[in-house]
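First up is the structure itself, then whatever we jot down about it.
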Amino acid sequence: MDCVIGCDVGSQGTKAILLSTTGKFVSEAYEGYSIDYPHPLWAEQPVERWVDALTVAIRRLLSESGVESGNVRAISLATQVDGVIPIDSNGQPLHPAIIWMDRRAGAQCEVARQSLGDQQIFELTGLNLDAYHVAPKIRWLAEQQPEIYEHATNFLLPGSYLAYYLTGELAVDYSNASSTLLLDVHTKTWSTIMCNAFGIDINKLAPLGAATATLGKLRPVVAEKLGLNANTLVMIGCGDEHAACLGAGVTRQGLVCDIAGTAEPVCSVSSNPIFDSTHLVETHCHADPDVWLLENPGFVSGGNYRWLRDQFAKGESYSALDAEAALIPQGSEGMTFLPSLMGAMAPTWNESARGTFAGFTLAHTRGHFIRALLEGSAYAVRDITSQMQAIGVELRELRAVSGGAKSRLWNQIKADVTGLQVNVPEITETTALGAAFVALVGIGAYATLSEASDHIIQIRERIDPDPAAQSIYAEAYQRYRQTYFALLPVFEQAARHKV
């Protein structure tokens, strides 16, 4: 039985999935790792964590499935976006990866803002000028560690670094590149204007290509390490939220993908590039070349839940915490949570925003805090879906994927808050699945990514909004927004304290 491997290289771990070339699920494996936070709002990962986890996951996948290495036709990666790794002429990393949630480069954004202005940047790249993206991080390295910038022959994204590690070839796909602040989203080429604005040598960026294009074969030494055949093909691959949309079937209009992982990107599809004048929703390239991806790249969500569990419920399962939260009425009896522990991406982009629990009294319990946290993420999802609808995107169905999709309570809350039917695919870890779709198209097993999605994906649960709960949440949602905007001056003050 011939197979392909799709890998999701995320923020907290790597998942590998094995699919037959006919789209049948065979096996999966996972290996976790940590994030380093050397300073407030900094976030880094040594690339060795990704490489080691990728190796363990793939070897475990083969061992547990019994599939022979010679039957694995191809491998494709879907990786966290908005990270950067400088490498030298020997391909060696010069610095740990500065990953997506790192916001250290705020000052570097200001220089580009003064030269071009937010609106011109948005119209050219489809993106907000924000330290979340890659360009300011590269500029930070140039200013703060100039010896690294000078010795770097290339600045790679997580996906392009790992693909380089596997094959020895350099490339990045359009979906990953479109989240750097360095791509012209109209022409799908590196932008000289943006590179000049950040003082970045355009020759240090990887060549661009389609996600499904074959980058090369596995390097023999890497093939041996992974337990695979050296003839295994490697696709260029794509970004993680882009692959998650593929694995959820969000390749056509009317659907929205809610990726409830460490962060919670919210994505929809358009046949043409549409630009949101409020800048809440960005315009990206999709892994599927026939459509565009409208998205908010993701406020921290599952990461907040993990923080709460680790700090106040260590050793307890998420299902046990959900059960506790389910006993609390909708709206958490006046309690509100703002999911801004690493800055805000909704209802506005604001790196100064801070996490907030508001409205609680001595009568509130731990269950209220848990439910309020789940509701706060749902309110942020509504911020985004409402704005998508406001700019003319038709939405009729929300597909919940990733780890948070396992929570029946959270899915119901999102249906009640957004007013959209929430559908849960049979396979909720759709990022690795979408990466496998890229490999299937790359070897010609399917003609298009849409065809692969339509043929393989099954929906296991449909959750309709509860009209009574919708009424309660309409009021609670307004309270969430009022709390956020009222606290803007307080956020600015709190951001001055490096805690």
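Labeling convention for the structure tokens: chains A, B, ... as they appear, residues from 1 per chain, ligands from 1 in order of appearance.
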Considering only C-alpha atoms, give me a table of residues in range 343-435 of chain A that are at most 10 Å from range 20-35 of chain A, with the closest atom pair and distance in Å for each, as a Markdown table.
```
| residue | atom | partner | partner_atom | distance |
| --- | --- | --- | --- | --- |
| A:Ile427 | CA | A:Phe25 | CA | 9.3 |
| A:Ala432 | CA | A:Glu28 | CA | 9.2 |
| A:Leu433 | CA | A:Phe25 | CA | 9.1 |
```
* Asked: Which residues, written as a list in words, have at least one atom at most 10 Å from Thr262 in chain A, with only C-alpha atoms counted and residues fewer than 6 positions away on the same chain left out?
  -> Gly10, Ser11, Gln12, Gly298, Phe299, Val300, Ser301, Gly302, Gly303, Asn304, Tyr305, Arg306, Ser402, Gly403 and Gly404 of chain A
Could you please take those selected residues and save C-alpha atoms as a compact mmCIF listing (two decimals), in the first residue's frame?
```
# COMPACT_ATOMS: atom_id res chain seq x y z
CA GLY A 10 3.33 23.47 15.45
CA SER A 11 4.16 25.66 18.40
CA GLN A 12 4.01 22.94 21.06
CA GLY A 298 -4.77 34.11 15.55
CA PHE A 299 -5.03 35.41 19.07
CA VAL A 300 -3.58 33.13 21.76
CA SER A 301 -6.41 30.77 22.74
CA GLY A 302 -5.54 27.17 23.58
CA GLY A 303 -2.33 28.60 25.02
CA ASN A 304 -4.46 30.56 27.50
CA TYR A 305 -6.33 27.41 28.50
CA ARG A 306 -3.05 25.57 28.97
CA SER A 402 -7.35 21.31 16.07
CA GLY A 403 -7.19 20.41 19.76
CA GLY A 404 -9.94 22.76 20.91
```
* To do: Kindly give the distance, in Å, that separates CA of Gly239 in chain A and CA of Asp173 in chain A, rounded to a single decimal.
  =>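 Distance reported for this atom pair: 8.2 Å.
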* Selection near Glu123 in chain A, 9 Å with only C-alpha atoms, sequence-local residues under 4 positions removed, as a PyMOL selection string -> chain A and resi 118-119+127+185+275
Restrict the selected residues to N, CA and C atoms and save them as a PDB file, in the first residue's frame.
```pdb
ATOM      1  N   ASP A 118       0.768  52.795   7.233  1.00  0.00           N
ATOM      2  CA  ASP A 118       0.031  51.546   7.408  1.00  0.00           C
ATOM      3  C   ASP A 118      -0.809  51.182   6.195  1.00  0.00           C
ATOM      4  N   GLN A 119      -1.463  52.182   5.599  1.00  0.00           N
ATOM      5  CA  GLN A 119      -2.399  51.877   4.527  1.00  0.00           C
ATOM      6  C   GLN A 119      -1.688  51.358   3.290  1.00  0.00           C
ATOM      7  N   LEU A 127      -1.386  42.788   4.787  1.00  0.00           N
ATOM      8  CA  LEU A 127      -1.080  42.542   6.193  1.00  0.00           C
ATOM      9  C   LEU A 127      -1.032  43.830   7.006  1.00  0.00           C
ATOM     10  N   VAL A 185       1.149  40.684  -2.311  1.00  0.00           N
ATOM     11  CA  VAL A 185       0.087  39.677  -2.322  1.00  0.00           C
ATOM     12  C   VAL A 185      -0.657  39.646  -3.650  1.00  0.00           C
ATOM     13  N   PHE A 275      -9.933  43.259   0.700  1.00  0.00           N
ATOM     14  CA  PHE A 275      -9.166  43.930   1.744  1.00  0.00           C
ATOM     15  C   PHE A 275     -10.117  44.575   2.760  1.00  0.00           C
TER      16      PHE A 275
END
```
* Asked: With distances taken over only C-alpha atoms, which of A:Tyr477, A:Trp292, A:Trp349, A:Tyr37 is nearest to Gly126 in chain A?
  -> A:Trp292
* Asked: Tell me, which residues of range 78-229 of chain A carry DSSP strand (DSSP E or B), written as number ranges by chain?
  -> A: 78-79, 84-87, 93, 97-98, 154-156, 172-173, 183-184, 189-190, 208-209, 214-217
